[in-house]
Amino acid sequence: MEKLKALYEAVLSGDAAASRSITEQALSAGTDPVRLVNDYMVPAMDEVGRRFEACEYFVPELLISARAMKASLELIRPLLAARGAQPLARVAIGTVKGDLHDIGKNLVAAMLEGGGLKSLTWESTSPRNNSLPPSTRRTPTSLPCPPSSPPPCPP
C-alpha cells in the first residue's frame, strides 16, 4: 500500500521514471491495473488540476505530471486491452498546423486516456484545414472545442 502511495506522489511530482518503475513493480506483484489508474493515478491528476486552478501549478507542471501518468499508462494499456476492456468513449481532438494549442491538446488527450477514454489525436497538415481526418470521422463519440486559453490567475 505504501509503495502504491508513491505512485500517486510520482505522478503528482511529474517523476516519469519513478511512476513507470512503481507501476512495473505493482503489476509484477499482481496489483489490478484498474486499481492503479482509479485509486492512484487519476486522483493524482485531480490534485494537479486543483493546484492548477489555485495557481499553484502552471502549464509546465501539468505537462510533466501528464508525462508521468502516460509512462504508467503505456504499461497498463496493453493489459486492459488483453482483458477486452473497451474505452468508455472515443474523443477526437486535434489542432491545425502550427497551432500553439498543440501542448494543451496533448495534455487533454493524456488526461482523457487516464480517465478511460480513447483519444484520437491529429494535427492538420494545413493551417486552414481543421476538418477531421478520414480515420477519425466515424469513430469519435465526442469532439471537444476548448477555449483559446485558460483563465488567468488572479493577481
# chains A, B, ... in the order shown; residues from 1 in each chain; ligands from 1

$ residues_around --residues "Leu73 (chain A)" --least-positions-apart "5" --cutoff "9 Å" --atoms "only C-alpha atoms" --output "PDB file with all heavy atoms, in the first residue's frame"
ATOM      1  N   ARG A  20       6.782   4.915 -13.752  1.00  0.00           N
ATOM      2  CA  ARG A  20       6.899   3.683 -14.554  1.00  0.00           C
ATOM      3  C   ARG A  20       7.434   2.531 -13.699  1.00  0.00           C
ATOM      4  O   ARG A  20       6.902   1.423 -13.748  1.00  0.00           O
ATOM      5  CB  ARG A  20       7.801   3.935 -15.754  1.00  0.00           C
ATOM      6  CG  ARG A  20       7.890   2.750 -16.683  1.00  0.00           C
ATOM      7  CD  ARG A  20       8.728   3.076 -17.926  1.00  0.00           C
ATOM      8  NE  ARG A  20       8.805   1.929 -18.789  1.00  0.00           N
ATOM      9  CZ  ARG A  20       7.941   1.637 -19.758  1.00  0.00           C
ATOM     10  NH1 ARG A  20       6.927   2.447 -19.983  1.00  0.00           N
ATOM     11  NH2 ARG A  20       8.087   0.562 -20.492  1.00  0.00           N
ATOM     12  N   THR A  23       4.850   1.319 -11.203  1.00  0.00           N
ATOM     13  CA  THR A  23       3.801   0.603 -11.930  1.00  0.00           C
ATOM     14  C   THR A  23       4.278  -0.794 -12.306  1.00  0.00           C
ATOM     15  O   THR A  23       3.538  -1.773 -12.131  1.00  0.00           O
ATOM     16  CB  THR A  23       3.366   1.397 -13.170  1.00  0.00           C
ATOM     17  OG1 THR A  23       2.871   2.675 -12.749  1.00  0.00           O
ATOM     18  CG2 THR A  23       2.284   0.669 -13.954  1.00  0.00           C
ATOM     19  N   VAL A  37      -4.893   2.836 -11.817  1.00  0.00           N
ATOM     20  CA  VAL A  37      -5.403   4.026 -12.507  1.00  0.00           C
ATOM     21  C   VAL A  37      -6.411   4.767 -11.626  1.00  0.00           C
ATOM     22  O   VAL A  37      -6.272   5.963 -11.367  1.00  0.00           O
ATOM     23  CB  VAL A  37      -6.042   3.647 -13.864  1.00  0.00           C
ATOM     24  CG1 VAL A  37      -6.731   4.849 -14.490  1.00  0.00           C
ATOM     25  CG2 VAL A  37      -4.994   3.082 -14.811  1.00  0.00           C
ATOM     26  N   ALA A  68       4.290  11.754 -16.652  1.00  0.00           N
ATOM     27  CA  ALA A  68       4.486  10.681 -15.664  1.00  0.00           C
ATOM     28  C   ALA A  68       3.322   9.690 -15.713  1.00  0.00           C
ATOM     29  O   ALA A  68       3.529   8.475 -15.655  1.00  0.00           O
ATOM     30  CB  ALA A  68       4.641  11.273 -14.266  1.00  0.00           C
ATOM     31  N   PRO A  78      -1.870  -2.078 -22.531  1.00  0.00           N
ATOM     32  CA  PRO A  78      -1.946  -3.415 -23.158  1.00  0.00           C
ATOM     33  C   PRO A  78      -2.628  -4.455 -22.272  1.00  0.00           C
ATOM     34  O   PRO A  78      -3.291  -5.363 -22.777  1.00  0.00           O
ATOM     35  CB  PRO A  78      -0.477  -3.793 -23.385  1.00  0.00           C
ATOM     36  CG  PRO A  78       0.292  -2.528 -23.278  1.00  0.00           C
ATOM     37  CD  PRO A  78      -0.505  -1.600 -22.430  1.00  0.00           C
ATOM     38  N   GLU A 113      -7.283   9.732 -21.629  1.00  0.00           N
ATOM     39  CA  GLU A 113      -6.918   8.317 -21.623  1.00  0.00           C
ATOM     40  C   GLU A 113      -6.822   7.789 -20.200  1.00  0.00           C
ATOM     41  O   GLU A 113      -7.211   6.660 -19.932  1.00  0.00           O
ATOM     42  CB  GLU A 113      -5.617   8.109 -22.386  1.00  0.00           C
ATOM     43  CG  GLU A 113      -5.819   8.279 -23.878  1.00  0.00           C
ATOM     44  CD  GLU A 113      -4.580   7.994 -24.686  1.00  0.00           C
ATOM     45  OE1 GLU A 113      -3.613   7.439 -24.150  1.00  0.00           O
ATOM     46  OE2 GLU A 113      -4.594   8.323 -25.880  1.00  0.00           O
ATOM     47  N   GLY A 114      -6.312   8.606 -19.296  1.00  0.00           N
ATOM     48  CA  GLY A 114      -6.252   8.198 -17.898  1.00  0.00           C
ATOM     49  C   GLY A 114      -7.626   7.998 -17.298  1.00  0.00           C
ATOM     50  O   GLY A 114      -7.803   7.210 -16.373  1.00  0.00           O
TER      51      GLY A 114
END

$ select_by_dssp --residues "region 46-77 of chain A" --states "alpha helix (DSSP H)" --output "VMD selection string"
chain A and resid 46 to 53 59 to 77

$ write_last_selection --atoms "C-alpha atoms" --output "JSON list (two decimals), in the first residue's frame"
[["chain", "number", "residue", "atom", "x", "y", "z"],
["A", 46, "ASP", "CA", -7.18, 15.54, -9.98],
["A", 47, "GLU", "CA", -4.83, 17.14, -7.46],
["A", 48, "VAL", "CA", -2.68, 18.51, -10.30],
["A", 49, "GLY", "CA", -5.85, 20.10, -11.71],
["A", 50, "ARG", "CA", -6.77, 21.53, -8.33],
["A", 51, "ARG", "CA", -3.31, 23.04, -7.97],
["A", 52, "PHE", "CA", -3.53, 24.48, -11.46],
["A", 53, "GLU", "CA", -6.87, 26.10, -10.68],
["A", 59, "VAL", "CA", 1.21, 24.50, -17.67],
["A", 60, "PRO", "CA", 4.74, 23.04, -17.33],
["A", 61, "GLU", "CA", 3.77, 21.19, -14.16],
["A", 62, "LEU", "CA", 0.61, 19.91, -15.86],
["A", 63, "LEU", "CA", 2.64, 18.57, -18.76],
["A", 64, "ILE", "CA", 5.26, 16.96, -16.55],
["A", 65, "SER", "CA", 2.61, 15.23, -14.44],
["A", 66, "ALA", "CA", 0.76, 14.09, -17.57],
["A", 67, "ARG", "CA", 4.02, 12.65, -18.91],
["A", 68, "ALA", "CA", 4.49, 10.68, -15.66],
["A", 69, "MET", "CA", 0.95, 9.32, -15.91],
["A", 70, "LYS", "CA", 1.47, 8.44, -19.56],
["A", 71, "ALA", "CA", 4.62, 6.45, -18.64],
["A", 72, "SER", "CA", 2.49, 4.26, -16.39],
["A", 73, "LEU", "CA", -0.39, 4.05, -18.87],
["A", 74, "GLU", "CA", 1.99, 2.67, -21.51],
["A", 75, "LEU", "CA", 2.40, -0.39, -19.26],
["A", 76, "ILE", "CA", -1.25, -0.61, -18.25],
["A", 77, "ARG", "CA", -2.98, -0.05, -21.61]]

$ atom_distance --atom1 "CA of Ala18 (chain A)" --atom2 "CA of Ala6 (chain A)"
8.4 Å

$ closest_residue --among "A:Lys3, A:Met41, A:Thr95, A:Cys55" --to "Ala16 (chain A)" --atoms "only C-alpha atoms"
A:Met41

$ atom_distance --atom1 "CA of Leu4 (chain A)" --atom2 "CA of Leu80 (chain A)"
18.9 Å

$ atom_distance --atom1 "CA of Ala109 (chain A)" --atom2 "CA of Ser19 (chain A)"
18.5 Å

$ closest_residue --among "A:Ala17, A:Tyr8, A:Ala89, A:Glu24" --to "Met45 (chain A)" --atoms "only C-alpha atoms"
A:Tyr8

$ closest_residue --among "A:Ala54, A:Ala81, A:Leu7, A:Ile93" --to "Ala26 (chain A)" --atoms "only C-alpha atoms"
A:Leu7
